[in-house]
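A.B. asks: Please find run.cif (mmCIF, C-alpha atoms) on the next line:
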```cif
data_input
loop_
_atom_site.label_atom_id
_atom_site.label_comp_id
_atom_site.auth_asym_id
_atom_site.auth_seq_id
_atom_site.Cartn_x
_atom_site.Cartn_y
_atom_site.Cartn_z
CA MET A 1 -18.43 30.34 5.55
CA GLU A 2 -21.40 29.40 7.71
CA GLY A 3 -24.84 28.74 6.29
CA ARG A 4 -27.82 28.36 8.55
CA PRO A 5 -27.10 28.16 12.29
CA GLN A 6 -25.59 24.86 13.51
CA THR A 7 -27.59 25.00 16.72
CA PRO A 8 -29.54 21.94 17.94
CA GLN A 9 -32.70 23.53 16.57
CA GLY A 10 -31.04 24.36 13.25
CA ILE A 11 -29.58 20.84 12.88
CA ALA A 12 -32.95 19.26 13.66
CA PHE A 13 -34.62 21.55 11.10
CA LYS A 14 -32.14 20.54 8.39
CA GLN A 15 -32.63 16.86 9.18
CA ARG A 16 -36.38 17.30 8.82
CA GLU A 17 -35.79 19.21 5.60
CA GLU A 18 -33.69 16.32 4.29
CA GLU A 19 -36.51 13.90 5.10
CA TYR A 20 -39.03 16.01 3.16
CA LEU A 21 -36.75 16.40 0.12
CA THR A 22 -35.85 12.70 0.04
CA GLY A 23 -39.48 11.71 0.51
CA TRP A 24 -40.66 13.90 -2.37
CA ARG A 25 -37.90 12.49 -4.60
CA GLU A 26 -38.97 8.94 -3.81
CA ILE A 27 -42.61 9.78 -4.57
CA VAL A 28 -41.62 11.20 -7.96
CA ASN A 29 -39.55 8.12 -8.77
CA ARG A 30 -42.33 5.75 -7.72
CA VAL A 31 -45.03 7.52 -9.72
CA VAL A 32 -42.91 7.97 -12.86
CA TRP A 33 -41.71 4.37 -12.80
CA ASP A 34 -45.24 3.09 -12.26
CA TYR A 35 -46.45 5.11 -15.25
CA CYS A 36 -43.61 3.76 -17.41
CA ASP A 37 -44.31 0.17 -16.36
CA ARG A 38 -48.00 0.48 -17.13
CA HIS A 39 -47.33 1.92 -20.58
CA SER A 40 -44.36 -0.34 -21.46
CA LEU A 41 -41.92 2.56 -21.46
CA LYS A 42 -38.28 2.49 -20.41
CA ARG A 43 -37.76 3.89 -16.93
CA PRO A 44 -35.64 7.07 -16.86
CA ASN A 45 -32.49 6.78 -14.74
CA ARG A 46 -33.11 10.25 -13.27
CA CYS A 47 -36.45 11.94 -12.65
CA THR A 48 -36.21 14.94 -10.35
CA THR A 49 -34.96 18.36 -11.38
CA VAL A 50 -35.62 22.05 -10.81
CA GLN A 51 -35.64 23.53 -14.26
CA PRO A 52 -35.49 27.11 -15.57
CA SER A 53 -38.79 28.00 -17.20
CA GLY A 54 -39.00 31.69 -16.42
CA THR A 55 -41.57 33.27 -18.76
CA LYS A 56 -44.06 30.41 -19.09
CA SER A 57 -43.94 29.68 -15.38
CA LEU A 58 -44.55 33.32 -14.44
CA LEU A 59 -47.53 33.58 -16.77
CA THR A 60 -49.04 30.42 -15.25
CA GLY A 61 -48.14 31.10 -11.61
CA ALA A 62 -45.68 28.19 -11.35
CA SER A 63 -42.14 28.30 -9.98
CA PRO A 64 -39.44 29.65 -12.34
CA GLY A 65 -36.76 27.50 -10.72
CA TRP A 66 -35.09 27.73 -7.32
CA HIS A 67 -34.54 31.44 -6.78
CA PRO A 68 -34.89 33.45 -3.59
CA PRO A 69 -38.10 35.52 -3.69
CA LYS A 70 -37.42 39.24 -4.01
CA ALA A 71 -40.18 39.99 -1.53
CA GLN A 72 -43.57 38.69 -0.47
CA ARG A 73 -44.94 40.79 -3.34
CA PHE A 74 -43.12 42.24 -6.31
CA ILE A 75 -43.41 43.45 -9.90
CA ARG A 76 -41.90 41.01 -12.39
CA ARG A 77 -40.88 42.68 -15.65
CA ILE A 78 -40.33 40.40 -18.66
CA THR A 79 -38.55 41.69 -21.76
CA PHE A 80 -40.18 41.25 -25.18
CA GLY A 81 -39.62 42.72 -28.60
CA LYS A 82 -42.07 45.48 -29.49
CA ASN A 83 -45.36 44.05 -30.81
CA ASP A 84 -44.38 40.51 -29.83
CA PRO A 85 -47.49 38.25 -29.96
CA VAL A 86 -47.17 37.18 -26.30
CA ALA A 87 -46.74 40.80 -25.19
CA LEU A 88 -49.79 41.88 -27.21
CA ALA A 89 -51.78 39.07 -25.60
CA CYS A 90 -50.57 40.28 -22.19
CA ILE A 91 -52.00 43.73 -22.97
CA ASP A 92 -55.41 42.24 -23.79
CA TYR A 93 -55.16 40.19 -20.59
CA GLY A 94 -54.71 43.40 -18.60
CA TYR A 95 -50.99 43.55 -17.86
CA ASN A 96 -49.24 46.90 -18.15
CA VAL A 97 -46.52 47.38 -20.78
CA ILE A 98 -43.74 49.98 -20.69
CA PRO A 99 -40.59 50.63 -22.79
CA SER A 100 -37.48 48.72 -21.72
CA GLN A 101 -34.38 50.17 -20.13
CA SER A 102 -32.67 50.24 -23.50
CA ASP A 103 -35.20 52.66 -25.03
CA LYS A 104 -34.25 56.30 -24.40
CA ASP A 105 -34.76 59.70 -26.02
CA GLU A 106 -32.05 61.91 -27.49
CA ASN A 107 -31.22 63.20 -23.99
CA GLY A 108 -30.78 59.74 -22.49
CA ASN A 109 -34.10 59.75 -20.62
CA LEU A 110 -36.18 56.57 -20.49
CA LEU A 111 -39.15 56.53 -22.83
CA ASN A 112 -42.59 56.21 -21.21
CA ASN A 113 -44.82 55.43 -24.19
CA PRO A 114 -44.47 51.81 -25.39
CA PHE A 115 -45.95 52.80 -28.76
CA ASP A 116 -43.38 55.54 -29.34
CA GLU A 117 -41.71 54.93 -32.73
CA ARG A 118 -38.31 55.07 -30.96
CA CYS A 119 -39.28 52.17 -28.68
CA THR A 120 -37.88 48.77 -29.75
CA GLU A 121 -38.51 46.58 -26.67
CA TRP A 122 -41.31 46.18 -24.17
CA LEU A 123 -41.40 45.27 -20.51
CA VAL A 124 -44.56 43.42 -19.45
CA GLU A 125 -45.24 44.17 -15.78
CA ILE A 126 -46.79 41.33 -13.78
CA PRO A 127 -47.75 41.84 -10.11
CA VAL A 128 -46.69 38.69 -8.25
CA ALA A 129 -47.29 37.44 -4.71
CA VAL A 130 -45.52 34.37 -3.34
CA SER A 131 -47.77 31.51 -2.24
CA TRP A 132 -47.09 32.18 1.45
CA ALA A 133 -47.48 35.98 1.28
CA ASP A 134 -50.70 36.05 3.32
CA LEU A 135 -49.69 33.56 6.01
CA PRO A 136 -49.75 35.07 9.51
CA GLY A 137 -46.41 36.70 10.28
CA ALA A 138 -45.09 36.49 6.70
CA ASP A 139 -44.77 40.27 6.42
CA GLU A 140 -42.49 40.25 9.45
CA ILE A 141 -39.80 38.31 7.55
CA ASP A 142 -37.08 40.48 6.02
CA ILE A 143 -36.00 38.44 2.99
CA ASN A 144 -33.02 40.71 2.41
CA LYS A 145 -31.46 39.25 5.55
CA PHE A 146 -31.10 35.82 3.94
CA SER A 147 -27.34 35.68 3.49
CA ALA A 148 -25.63 34.18 0.46
CA ALA A 149 -24.34 31.47 2.80
CA ALA A 150 -27.86 30.51 3.89
CA GLN A 151 -29.03 30.43 0.27
CA MET A 152 -26.08 28.23 -0.73
CA ASP A 153 -26.81 25.96 2.20
CA PHE A 154 -30.42 25.39 1.19
CA TYR A 155 -29.52 25.06 -2.49
CA MET A 156 -27.10 22.24 -1.61
CA GLN A 157 -29.83 20.52 0.42
CA VAL A 158 -32.09 20.56 -2.65
CA GLN A 159 -29.29 19.41 -4.94
CA LYS A 160 -28.19 16.55 -2.67
CA PHE A 161 -31.52 15.21 -1.43
CA TYR A 162 -34.08 15.98 -4.14
CA VAL A 163 -32.54 16.70 -7.53
CA ARG A 164 -31.05 14.01 -9.75
CA HIS A 165 -30.54 16.21 -12.80
CA ASN A 166 -29.69 19.83 -11.96
CA THR A 167 -31.08 22.71 -9.97
CA SER A 168 -31.74 25.98 -11.75
CA ALA A 169 -30.71 28.20 -8.86
CA THR A 170 -29.85 31.85 -8.27
CA ILE A 171 -27.87 33.00 -5.25
CA GLU A 172 -28.07 36.71 -4.46
CA LEU A 173 -25.07 38.25 -2.78
CA ARG A 174 -23.63 41.54 -1.65
CA GLU A 175 -20.11 42.65 -2.47
CA ASN A 176 -18.75 41.71 0.95
CA GLU A 177 -19.97 38.11 0.44
CA VAL A 178 -18.20 37.46 -2.87
CA GLU A 179 -14.97 36.03 -1.46
CA SER A 180 -16.57 33.80 1.17
CA LEU A 181 -19.18 32.46 -1.28
CA GLY A 182 -16.45 31.76 -3.82
CA THR A 183 -14.56 29.78 -1.18
CA ARG A 184 -17.71 27.83 -0.28
CA ILE A 185 -18.39 26.93 -3.93
CA TYR A 186 -14.76 25.83 -4.33
CA GLU A 187 -15.06 23.60 -1.26
CA ALA A 188 -18.31 22.08 -2.56
CA ILE A 189 -16.57 21.18 -5.82
CA ARG A 190 -13.38 19.98 -4.13
CA ASP A 191 -15.22 17.77 -1.66
CA ASP A 192 -17.58 16.39 -4.32
CA GLU A 193 -20.71 17.47 -2.46
CA GLY A 194 -22.83 17.31 -5.59
CA TYR A 195 -22.56 20.96 -6.61
CA ILE A 196 -23.12 21.50 -10.35
CA SER A 197 -23.84 25.16 -11.00
CA ALA A 198 -25.63 28.23 -9.69
CA ALA A 199 -26.30 31.68 -11.10
CA LEU A 200 -25.04 34.62 -9.06
CA LEU A 201 -26.93 37.90 -8.88
CA ALA A 202 -25.79 41.10 -7.20
CA ARG A 203 -28.06 42.27 -4.40
CA PHE A 204 -28.65 46.00 -4.05
CA ASP A 205 -30.13 47.54 -0.92
CA ALA A 206 -31.02 50.80 -2.71
CA LEU A 207 -33.39 49.39 -5.33
CA GLU A 208 -34.87 52.80 -6.13
CA THR A 209 -31.64 53.82 -7.89
CA PHE A 210 -32.23 51.21 -10.61
CA PRO A 211 -35.43 51.95 -12.54
CA ARG A 212 -37.41 49.21 -14.28
CA LEU A 213 -35.58 46.29 -12.69
CA PRO A 214 -36.65 42.75 -13.67
CA PHE A 215 -37.87 42.40 -10.05
CA GLU A 216 -39.16 45.30 -7.94
CA PRO A 217 -40.42 44.67 -4.37
CA ILE A 218 -43.73 46.38 -3.57
CA GLU A 219 -45.99 46.74 -0.56
CA LYS A 220 -49.25 44.81 -0.15
CA GLU A 221 -51.34 47.92 -0.91
CA THR A 222 -49.47 48.53 -4.19
CA TYR A 223 -49.84 44.88 -5.17
CA GLU A 224 -53.60 44.93 -4.56
CA THR A 225 -53.99 48.18 -6.52
CA MET A 226 -52.02 46.80 -9.46
CA LEU A 227 -54.09 43.61 -9.41
CA LYS A 228 -57.32 45.62 -9.53
CA ASP A 229 -55.96 47.66 -12.43
CA VAL A 230 -55.16 44.46 -14.31
CA LEU A 231 -58.76 43.30 -13.96
CA VAL A 232 -60.09 46.70 -15.07
CA ARG A 233 -57.93 46.65 -18.22
CA ARG A 234 -58.59 42.98 -19.00
CA GLN A 235 -60.41 42.47 -22.30
CA ILE A 236 -60.23 38.66 -22.46
CA ASP A 237 -60.48 36.28 -19.50
CA ILE A 238 -58.60 33.37 -21.12
CA PHE A 239 -54.98 34.09 -21.97
CA GLN A 240 -54.83 31.42 -24.69
CA VAL A 241 -57.70 33.11 -26.52
CA ALA A 242 -55.87 36.43 -26.31
CA LEU A 243 -52.68 34.82 -27.64
CA SER A 244 -54.51 33.21 -30.56
CA ARG A 245 -55.38 36.70 -31.80
CA TYR A 246 -51.75 37.45 -32.55
CA ASP A 247 -49.76 34.21 -32.70
CA LEU A 248 -50.30 32.42 -36.00
CA GLY A 249 -47.64 29.81 -35.27
CA GLU A 250 -45.34 31.23 -37.94
CA MET A 251 -43.16 33.67 -35.96
CA MET A 252 -40.35 31.32 -34.99
CA ASP A 253 -38.01 34.11 -33.87
CA SER A 254 -40.52 35.85 -31.62
CA GLY A 255 -40.79 35.54 -27.88
CA PRO A 256 -39.15 36.88 -24.75
CA ALA A 257 -35.53 37.91 -24.73
CA GLY A 258 -32.98 35.19 -24.06
CA CYS A 259 -32.28 36.84 -20.71
CA ASP A 260 -35.06 38.57 -18.82
CA SER A 261 -32.54 40.81 -17.10
CA ASP A 262 -31.70 43.87 -19.19
CA LYS A 263 -28.22 43.79 -17.70
CA CYS A 264 -27.11 41.07 -20.11
CA LEU A 265 -28.85 42.02 -23.33
CA MET A 266 -26.35 42.69 -26.10
CA PRO A 267 -26.73 46.07 -27.85
CA GLU A 268 -28.36 45.93 -31.26
CA THR A 269 -25.91 46.06 -34.15
CA LYS A 270 -26.29 49.30 -36.09
#
```
Would it be possible to restate this file's structure as structure tokens?
C.D. replies:
Amino acid sequence: MEGRPQTPQGIAFKQREEEYLTGWREIVNRVVWDYCDRHSLKRPNRCTTVQPSGTKSLLTGASPGWHPPKAQRFIRRITFGKNDPVALACIDYGYNVIPSQSDKDENGNLLNNPFDERCTEWLVEIPVAVSWADLPGADEIDINKFSAAAQMDFYMQVQKFYVRHNTSATIELRENEVESLGTRIYEAIRDDEGYISAALLARFDALETFPRLPFEPIEKETYETMLKDVLVRRQIDIFQVALSRYDLGEMMDSGPAGCDSDKCLMPETK
């Protein structure tokens, strides 16, 4: 299974990539160790990682781990229980809320009103643009053409040359890539290349057949319209202030679902 092209240009690019990743790792080590020395703290034996921090990172605009972007711009839908304090704060902050995929009427149709008494879960919709979305030529890149092999290749670069803990990574693949990717993962384990783990997510080319997906690619015009709508609906400019209206620090079992993909939520016990 081939990753990125092993042409002279491709090899030179990967070497440069290795230099960047190693350099960043060394900077992290140097700064962390210097801080520990100055404060008489024990130096950690490992510093760098790419951690999963999905909900908090999305609300603050940070990275939720190493995952291929769904598009330059997309709708991120995060699952919450109905009337969850964070979800209520999101409403005041201007984000749209809709019923989850699990909430349907007696005919099996998705509910549309999040305040319907039959609704039990909410999806908070956040319009997201990647940091490089507006760079010249970015819209000409078809992200769906990034093969599972190329994703695995870059993930291993990060794991080998930057990370010293683990990489929270998702590799998206089509059905015809399952066998070859499985072989590549087996080889990485067999040859002790440093592979630890990676999440696998099915990639669908016909996204419109799956309503209310956790990620939904959108065009630039749709993104800009949604962003304007968020600002129009916004009642409070500081999210923490909005959250303090509802979160009293006593709801220990509240918060986003354990998995933000509705595909792996267990049905509620009746």
A.B. asks: Please write as a list in words the full residue list that the PyMOL selection byres ((chain A and resi 9-19) around 10) yields on this file.
C.D. replies: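 On this input, the PyMOL selection byres ((chain A and resi 9-19) around 10) captures Arg4, Pro5, Gln6, Thr7, Pro8, Tyr20, Leu21, Thr22, Gly23, Trp24, Arg25, Asp153, Phe154, Gln157, Val158, Lys160, Phe161 and Tyr162 of chain A.
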A.B. asks: Wanna dump the stretch 107-153 of chain A-stretch 211-224 of chain A contacts at 9 Å for me, each residue with its shortest atom pair and the distance in Å to one decimal, counting all atoms listed in the file, ordered by chain and number, as a tab-separated table?
C.D. replies:
```
residue	atom	partner	partner_atom	distance
A:Leu123	CA	A:Arg212	CA	8.4
A:Glu125	CA	A:Pro214	CA	9.0
A:Pro127	CA	A:Tyr223	CA	6.2
A:Val128	CA	A:Tyr223	CA	7.6
A:Ala129	CA	A:Tyr223	CA	7.9
```
A.B. asks: Written as a PyMOL selection string, which residues does the PyMOL selection byres ((chain A and resi 170-179) around 10) give for the file shown?
C.D. replies: chain A and resi 1+65-68+70+144+146-152+155+167-169+180-184+197-205
A.B. asks: Identify the residues around (-34.9, 8.5, -17.3) within a radius of 12 Å, measuring from only C-alpha atoms in the coordinates stated by the file, and give them as a PDB file with C-alpha atoms, keeping the file's coordinate frame.
C.D. replies:
```pdb
ATOM      1  CA  VAL A  28     -41.620  11.200  -7.960  1.00  0.00           C
ATOM      2  CA  ASN A  29     -39.550   8.120  -8.770  1.00  0.00           C
ATOM      3  CA  VAL A  32     -42.910   7.970 -12.860  1.00  0.00           C
ATOM      4  CA  TRP A  33     -41.710   4.370 -12.800  1.00  0.00           C
ATOM      5  CA  CYS A  36     -43.610   3.760 -17.410  1.00  0.00           C
ATOM      6  CA  LEU A  41     -41.920   2.560 -21.460  1.00  0.00           C
ATOM      7  CA  LYS A  42     -38.280   2.490 -20.410  1.00  0.00           C
ATOM      8  CA  ARG A  43     -37.760   3.890 -16.930  1.00  0.00           C
ATOM      9  CA  PRO A  44     -35.640   7.070 -16.860  1.00  0.00           C
ATOM     10  CA  ASN A  45     -32.490   6.780 -14.740  1.00  0.00           C
ATOM     11  CA  ARG A  46     -33.110  10.250 -13.270  1.00  0.00           C
ATOM     12  CA  CYS A  47     -36.450  11.940 -12.650  1.00  0.00           C
ATOM     13  CA  THR A  48     -36.210  14.940 -10.350  1.00  0.00           C
ATOM     14  CA  THR A  49     -34.960  18.360 -11.380  1.00  0.00           C
ATOM     15  CA  ARG A 164     -31.050  14.010  -9.750  1.00  0.00           C
ATOM     16  CA  HIS A 165     -30.540  16.210 -12.800  1.00  0.00           C
TER      17      HIS A 165
END
```
A.B. asks: Just give me the gap between atom CA of A:Glu26 and atom CA of A:Val50 in Å, one decimal is fine.
C.D. replies: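 For atom CA of A:Glu26 relative to atom CA of A:Val50, the distance reads 15.2 Å.
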A.B. asks: Can you tell me how far atom CA of A:Ala242 sits from atom CA of A:Asn83, in Å to one decimal?
C.D. replies: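 Taking atom CA of A:Ala242 as the start and atom CA of A:Asn83 as the end point, the length is 13.7 Å.
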